Each structure stands twice: as C-alpha cells, then as structure tokens.
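S.K.: Take this structure first; my questions come after.
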Amino acid sequence: MSKLASVKVSVEALEGYKFPKKFGTQVISMVEQKLKKRFDELGGSGFLGNTLRKDTIAWYGELACVCYNSNTKTVFEIHGAIYQKWLSLGGINWGIPNTDESPCWDGVGRYNHFNSDQSTIMWSPQTGAQGIWGDIRRRWAELGWERSYLGYPTSDESDFPDGGRVNSFQKGGIYWWSDTGALDLNEVILHYTGLVCLRETGEISGADEPYVLFGVVSPFSSGGFRSKTYSSVDSDTSRPDLMELFRGKPNGLIIDVTLMENDHGDPERFRKEIQAAMTTAHGAGTAALGLIPVVGGAIAAVVGPLIQKFIPDVAKALNSFLGLGDDKIGSERIVLTGKDLILLARRANNSNYKNVGYKFSTNNLRGHNANYKVYFGLVPA
C-alpha cells in the first residue's frame with residue numbers, strides 16, 4: 001500500500017490552497033456529517049493521523065485526508081504517498097477524488113482516480129506516486145494501464161520540447177502535441193541503410209570506393225561509426241546496407257555525416273577520430289550546461305539547449321581530423337528533435353529509392369565532381 005509511516009503532511013503543506021467557499025448552512029451540516037461518518041469508519045485519528053485542518057469539503061490529517069465529492073455525494077479517502085503527491089499537485093485545486101485508494105489490476109500498485117476519472121495518481125513500490133491526466137492518461141488506459149508494455153508511470157505529466165507534454169514510464173513514454181495527440185513509444189533505433197551514387201568522382205582510377213563516417217550525439221551518449229568501403233561504385237547505382245547507429249530514448253539527436261573517397265587513408269583511423277570528436281563535443285556540451293543525466297520529465301528542460309550547444313563543438317572537433325589521406329566528397333549535419341524522432345519512428349512505411357529503404361536522407365553530398373545521398377531508417381525499439 002502507499003500508506004507509509006514516514007509519509008506525513010505538515011500544516012505548511014496546506015498553505016496557499018484556495019479552499020472552497022462556504023455552502024448554505026444546511027448543506028454544510030450534511031457534508032460535515034458525511035465527513036465525520038467516514039472519518040469514524042476509517043478509524044479516526046488512527047487513520048488520518050493528527051488533524052491539521054478541517055474545511056468545507058475535506059478534513060486533512062498528517063497521513064490521510066477525507067474529501068467530499070459533490071457529484072457523487074460520497075466521501076473518499078486519500079492516504080500515504082498518493083495523498084502527498086495529490087497535495088504537491090495542488091490538492092482540491094487539482095482534483096477531487098472519485099475513488100478511495102484502490103489496488104491496481106496487477107495486485108502490486110495502488111491508485112486514486114480524480115475529476116470524474118479524468119485524472120489518476122498511480123503508485124508502485126518501484127516508481128512512487130505519479131500523476132497522469134488528459135489525453136496521455138486516455139492513451140495509457142487504451143493500452144491497458146500498468147499491464148501495458150509501458151508499465152507504471154515514473155514521472156508526472158511535464159513539458160516536452162516543441163510545445164509537447166510527456167509522462168515517462170518504466171518502459172517508454174507517452175508524448176503529446178496539439179497537432180498529433182498522444183503517442184506512445186519506448187526507445188528508437190537509428191539505422192544507416194545505404195547510399196546512392198548519382199554521379200561518381202570521375203577519377204582516373206575508374207569507379208569510386210566510397211565509405212561513410214558517422215558521428216551521433218544525443219544528450220546522454222555519443223558514438224563514432226564507419227560504413228564498409230564500397231568497391232566499384234558507378235554513377236546511378238546504390239549500395240543498400242544496414243548498420244545500427246543509435247538506440248535510446250527519443251530526446252533529440254545530432255547526426256554528422258561525412259562521405260569519403262578511399263585513396264590512401266585509413267578509414268578505421270578516421271572512425272576513431274570521429275568517436276573522439278563526438279566524445280569531446282558531448283563532454284563540452286554537458287559541462288557547459290552543468291548537466292547530470294536524469295530520467296523522466298526533467299530531461300525536457302535541457303534537451304533543446306543541450307543539442308544546440310553541441311553543434312559548434314561537433315563542428316570544431318570534426319575539423320581537427322580532416323585532410324588525412326582520403327578525399328572528402330561532402331558532409332552534412334542533421335539535427336532531429338524529440339518530436340522528429342517520435343514521428344519518424346512511428347511512421348509505418350519506409351520510402352525506397354534504388355533498393356535502399358529509408359525514412360530520411362541527407363541532401364546531395366557533392367565534391368570532386370561526385371554527387372551522392374546517404375539514407376537512414378528509424379524504427380521503434
């Protein structure tokens with residue numbers, strides 16, 4: 001149960017609430033009688049703890065509260081960690097309970113519903129008490145509540161970039177924007193899916209031998225990758241491929257793409273340089289923001305500034321290793337917001353060009369008379 005001996009509410013916690021105005025004397029008497037009856041049924045001070053305050057529709061104790069719902073004309077109780085969370089969200093200004101604390105379907109968690117089943121505070125031993133409401137709550141209910149693949153919520157509803165809202169869960173999140181509604185997702189997987197040669201370099205040696213270097217930075221990770229070196233690549237041909245570049249929460253990504261022509265350089269050395277560049281940029285970005293990696297809704301407040309901070313650091317780090325033996329055909333930086341990642345991952349169908357499946361691509365990468373495009377897939381984990 002969420003009732004814990006250590007969970008107590010102080011008088012100070014009740015300060016600032018807009019308590020309801022007085023009803024007529026007869027109604028007040030009826031409500032008080034109902035509150036007193038429920039208070040006694042629950043065990044009085046043995047259940048609520050020391051009484052902190054009595055108001056028109058609610059009696060508050062250190063450990064619990066009894067609250068009158070005028071729609072159902074019933075008094076409901078809230079206690080323990082759920083009671084504490086309810087007060088932190090605004091108490092009766094946030095919602096009037098329409099259930100007692102009740103067991104979840106899985107027999108592990110506990111919950112109270114509020115506002116005619118429009119809002120819920122859900123508690124489990126692993127996640128604590130979290131508030132969920134509105135479209136995000138409706139989507140979670142459609143999925144099966146805590147029995148869904150998401151599990152229990154691990155955060156209250158909070159802000160997410162691009163004007164969104166989010167509840168984090170044990171195995172994912174539900175994200176909301178006004179133009180998309182509520183979208184559920186766990187992690188995303190970013191793949192490199194191949195390249196297309198629109199025009200080869202025209203070197204004397206004949207067909208091209210290109211390879212692609214990738215630097216990938218998220219708010220909480222970084223990596224450097226290299227494709228294979230493709231032999232005998234002619235104009236108007238493709239090289240389908242599949243290589244995982246990122247797996248994680250959709251909190252925003254920078255993808256730096258550098259297309260090289262293999263002459264006399266060492267591609268693996270360049271990959272290591274890319275890895276070092278990404279690590280340097282990631283370290284500089286997080287240090288600049290004083291960020292300690294966190295989970296849940298707190299991510300949203302730092303993702304946008306963090307991604308923007310990485311951009312000049314990535315560029316500076318990458319410039320330090322070019323000119324080491326192979327020709328650079330072209331490069332591009334792709335910045336994907338959390339919303340971009342979620343919408344791309346949830347899009348069911350890939351596009352296809354010359355047998356390369358993809359969700360998005362670079363623009364044309366041009367250099368040394370060559371013209372290429374590099375392609376990516378993005379799917380739910």
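Labels used: A, B, ... for chains in the order of the structure tokens, numbers from 1 for residues in each chain, and numbers from 1 for ligands as shown.
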Using only C-alpha atoms, find each residue of segment 178-253 of chain A with at least one atom at most 12 Å away from an atom of segment 349-362 of chain A; report its shortest atom-to-atom pair and that distance in Å (one decimal), sort the rows by chain and rising residue number, and return the result as JSON lines.
M.R.:
{"residue": "A:Ile189", "atom": "CA", "partner": "A:Lys359", "partner_atom": "CA", "distance": 11.9}
{"residue": "A:Leu190", "atom": "CA", "partner": "A:Lys359", "partner_atom": "CA", "distance": 9.9}
{"residue": "A:His191", "atom": "CA", "partner": "A:Tyr358", "partner_atom": "CA", "distance": 9.0}
{"residue": "A:Tyr192", "atom": "CA", "partner": "A:Tyr358", "partner_atom": "CA", "distance": 8.6}
{"residue": "A:Thr193", "atom": "CA", "partner": "A:Val356", "partner_atom": "CA", "distance": 6.5}
{"residue": "A:Gly194", "atom": "CA", "partner": "A:Val356", "partner_atom": "CA", "distance": 6.1}
{"residue": "A:Leu195", "atom": "CA", "partner": "A:Val356", "partner_atom": "CA", "distance": 7.4}
{"residue": "A:Val196", "atom": "CA", "partner": "A:Lys354", "partner_atom": "CA", "distance": 7.5}
{"residue": "A:Cys197", "atom": "CA", "partner": "A:Lys354", "partner_atom": "CA", "distance": 10.1}
{"residue": "A:Leu198", "atom": "CA", "partner": "A:Lys354", "partner_atom": "CA", "distance": 10.8}
{"residue": "A:Val212", "atom": "CA", "partner": "A:Thr362", "partner_atom": "CA", "distance": 11.9}
{"residue": "A:Asp236", "atom": "CA", "partner": "A:Lys354", "partner_atom": "CA", "distance": 8.8}
{"residue": "A:Thr237", "atom": "CA", "partner": "A:Lys354", "partner_atom": "CA", "distance": 7.4}
{"residue": "A:Ser238", "atom": "CA", "partner": "A:Lys354", "partner_atom": "CA", "distance": 6.2}
{"residue": "A:Arg239", "atom": "CA", "partner": "A:Val356", "partner_atom": "CA", "distance": 7.4}
{"residue": "A:Pro240", "atom": "CA", "partner": "A:Val356", "partner_atom": "CA", "distance": 5.1}
{"residue": "A:Asp241", "atom": "CA", "partner": "A:Val356", "partner_atom": "CA", "distance": 7.8}
{"residue": "A:Leu242", "atom": "CA", "partner": "A:Val356", "partner_atom": "CA", "distance": 9.7}
S.K.: Quick one: residues within 10 Å of Gly95 of chain A, only C-alpha atoms, excluding same-chain residues fewer than 6 positions away - as a ChimeraX atom specification?
M.R.: /A:86-87,89,113-120
S.K.: Mind giving me the straight-line distance from atom CA of Ile254 of chain A to atom CA of Val217 of chain A in Å, one decimal?
M.R.: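 Distance between the two atoms: 5.2 Å.
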S.K.: Please identify all polymer residues within 9 Å of Leu150 of chain A, counting only C-alpha atoms, omitting same-chain residues fewer than 3 positions from it, and present them as a PyMOL selection string.
M.R.: chain A and resi 140+143+145-147+153+168-174+184-186
S.K.: Return as a ChimeraX atom specification the full set of residues in segment 2-188 of chain A whose backbone-based DSSP assignment is strand (DSSP E or B).
M.R.: /A:51-54,58-61,64-69,74-79,97,102-103,110-114,119-124,128-133,153,158-160,164-169,172-177,181-185,188
S.K.: Can you tell me, as a PyMOL selection string, what residues are no more than 12 Å from Leu365 of chain A when counting only C-alpha atoms, ignoring any on the same chain fewer than 2 positions away?
M.R.: chain A and resi 195-201+212+257-260+328-333+361-363+367-375
S.K.: Kindly save the residues from that selection, with N, CA and C atoms included, as a short mmCIF file (atom, residue, chain, number, x, y, z; two decimals), in the first residue's frame.
M.R.:
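Contents of out.cif, freshly written:
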data_model
loop_
_atom_site.label_atom_id
_atom_site.label_comp_id
_atom_site.auth_asym_id
_atom_site.auth_seq_id
_atom_site.Cartn_x
_atom_site.Cartn_y
_atom_site.Cartn_z
N LEU A 195 23.65 4.00 -49.43
CA LEU A 195 23.90 5.22 -50.18
C LEU A 195 23.56 5.00 -51.66
N VAL A 196 23.37 6.11 -52.35
CA VAL A 196 23.13 6.10 -53.79
C VAL A 196 24.12 7.05 -54.44
N CYS A 197 24.79 6.55 -55.48
CA CYS A 197 25.72 7.38 -56.26
C CYS A 197 24.96 7.94 -57.46
N LEU A 198 24.75 9.23 -57.46
CA LEU A 198 24.10 9.89 -58.59
C LEU A 198 25.11 10.25 -59.68
N ARG A 199 26.35 10.51 -59.24
CA ARG A 199 27.45 10.75 -60.19
C ARG A 199 28.75 10.43 -59.47
N GLU A 200 29.59 9.61 -60.11
CA GLU A 200 30.86 9.24 -59.48
C GLU A 200 31.89 10.36 -59.65
N THR A 201 33.02 10.19 -58.97
CA THR A 201 34.02 11.27 -58.95
C THR A 201 34.69 11.48 -60.29
N VAL A 212 31.37 5.91 -45.53
CA VAL A 212 30.68 6.97 -44.80
C VAL A 212 31.10 6.94 -43.34
N VAL A 257 27.37 13.47 -40.84
CA VAL A 257 27.62 12.52 -41.93
C VAL A 257 28.77 13.06 -42.78
N THR A 258 29.81 12.26 -42.96
CA THR A 258 30.93 12.65 -43.82
C THR A 258 31.18 11.53 -44.82
N LEU A 259 31.04 11.85 -46.10
CA LEU A 259 31.25 10.87 -47.18
C LEU A 259 32.67 11.03 -47.72
N MET A 260 33.42 9.93 -47.71
CA MET A 260 34.82 9.95 -48.11
C MET A 260 35.04 9.04 -49.33
N LYS A 328 37.51 14.04 -49.09
CA LYS A 328 36.17 14.27 -48.56
C LYS A 328 35.26 14.70 -49.70
N ILE A 329 34.22 13.89 -49.97
CA ILE A 329 33.26 14.23 -51.02
C ILE A 329 32.27 15.27 -50.52
N GLY A 330 31.76 15.08 -49.32
CA GLY A 330 30.80 16.03 -48.77
C GLY A 330 30.39 15.64 -47.37
N SER A 331 29.75 16.57 -46.68
CA SER A 331 29.30 16.29 -45.31
C SER A 331 28.03 17.07 -45.03
N GLU A 332 27.32 16.62 -44.02
CA GLU A 332 26.08 17.28 -43.61
C GLU A 332 25.80 16.97 -42.15
N ARG A 333 25.22 17.94 -41.48
CA ARG A 333 24.78 17.74 -40.10
C ARG A 333 23.26 17.72 -40.08
N SER A 361 16.94 11.20 -45.39
CA SER A 361 18.25 11.13 -46.05
C SER A 361 18.96 12.46 -45.91
N THR A 362 20.24 12.46 -46.28
CA THR A 362 20.96 13.71 -46.42
C THR A 362 20.46 14.43 -47.68
N ASN A 363 20.85 15.66 -47.82
CA ASN A 363 20.75 16.32 -49.11
C ASN A 363 21.85 15.77 -50.01
N GLY A 367 31.17 16.79 -54.21
CA GLY A 367 32.58 17.13 -54.12
C GLY A 367 33.38 16.27 -55.06
N HIS A 368 34.47 16.82 -55.60
CA HIS A 368 35.32 16.09 -56.54
C HIS A 368 34.49 15.55 -57.71
N ASN A 369 33.55 16.38 -58.17
CA ASN A 369 32.66 16.06 -59.29
C ASN A 369 31.64 14.97 -58.98
N ALA A 370 31.62 14.47 -57.76
CA ALA A 370 30.69 13.40 -57.39
C ALA A 370 29.42 13.97 -56.77
N ASN A 371 28.38 13.14 -56.75
CA ASN A 371 27.10 13.52 -56.16
C ASN A 371 26.47 12.26 -55.55
N TYR A 372 26.30 12.26 -54.23
CA TYR A 372 25.77 11.10 -53.50
C TYR A 372 24.67 11.54 -52.55
N LYS A 373 23.87 10.57 -52.11
CA LYS A 373 22.95 10.76 -50.98
C LYS A 373 23.10 9.57 -50.04
N VAL A 374 22.96 9.85 -48.74
CA VAL A 374 23.08 8.83 -47.70
C VAL A 374 21.74 8.71 -46.99
N TYR A 375 21.32 7.47 -46.68
CA TYR A 375 19.95 7.21 -46.23
C TYR A 375 19.92 6.56 -44.84
#
S.K.: Please identify all polymer residues within 8 Å of segment 27-38 of chain A, counting only C-alpha atoms, omitting same-chain residues fewer than 6 positions from it, and present them as a PDB file with C-alpha atoms, in the first residue's frame.
M.R.:
ATOM      1  CA  THR A  56     -15.940  22.646   3.940  1.00  0.00           C
ATOM      2  CA  ILE A  57     -15.343  19.506   1.861  1.00  0.00           C
ATOM      3  CA  ALA A  58     -12.144  17.986   3.276  1.00  0.00           C
ATOM      4  CA  TRP A  59     -10.519  17.023   6.553  1.00  0.00           C
ATOM      5  CA  VAL A  66     -11.223  12.510   3.628  1.00  0.00           C
ATOM      6  CA  CYS A  67     -12.795  14.574   0.851  1.00  0.00           C
ATOM      7  CA  TYR A  68     -16.425  15.071  -0.184  1.00  0.00           C
ATOM      8  CA  THR A  74     -19.728  10.491  -1.430  1.00  0.00           C
ATOM      9  CA  VAL A  75     -16.711  10.948   0.835  1.00  0.00           C
TER      10      VAL A  75
END
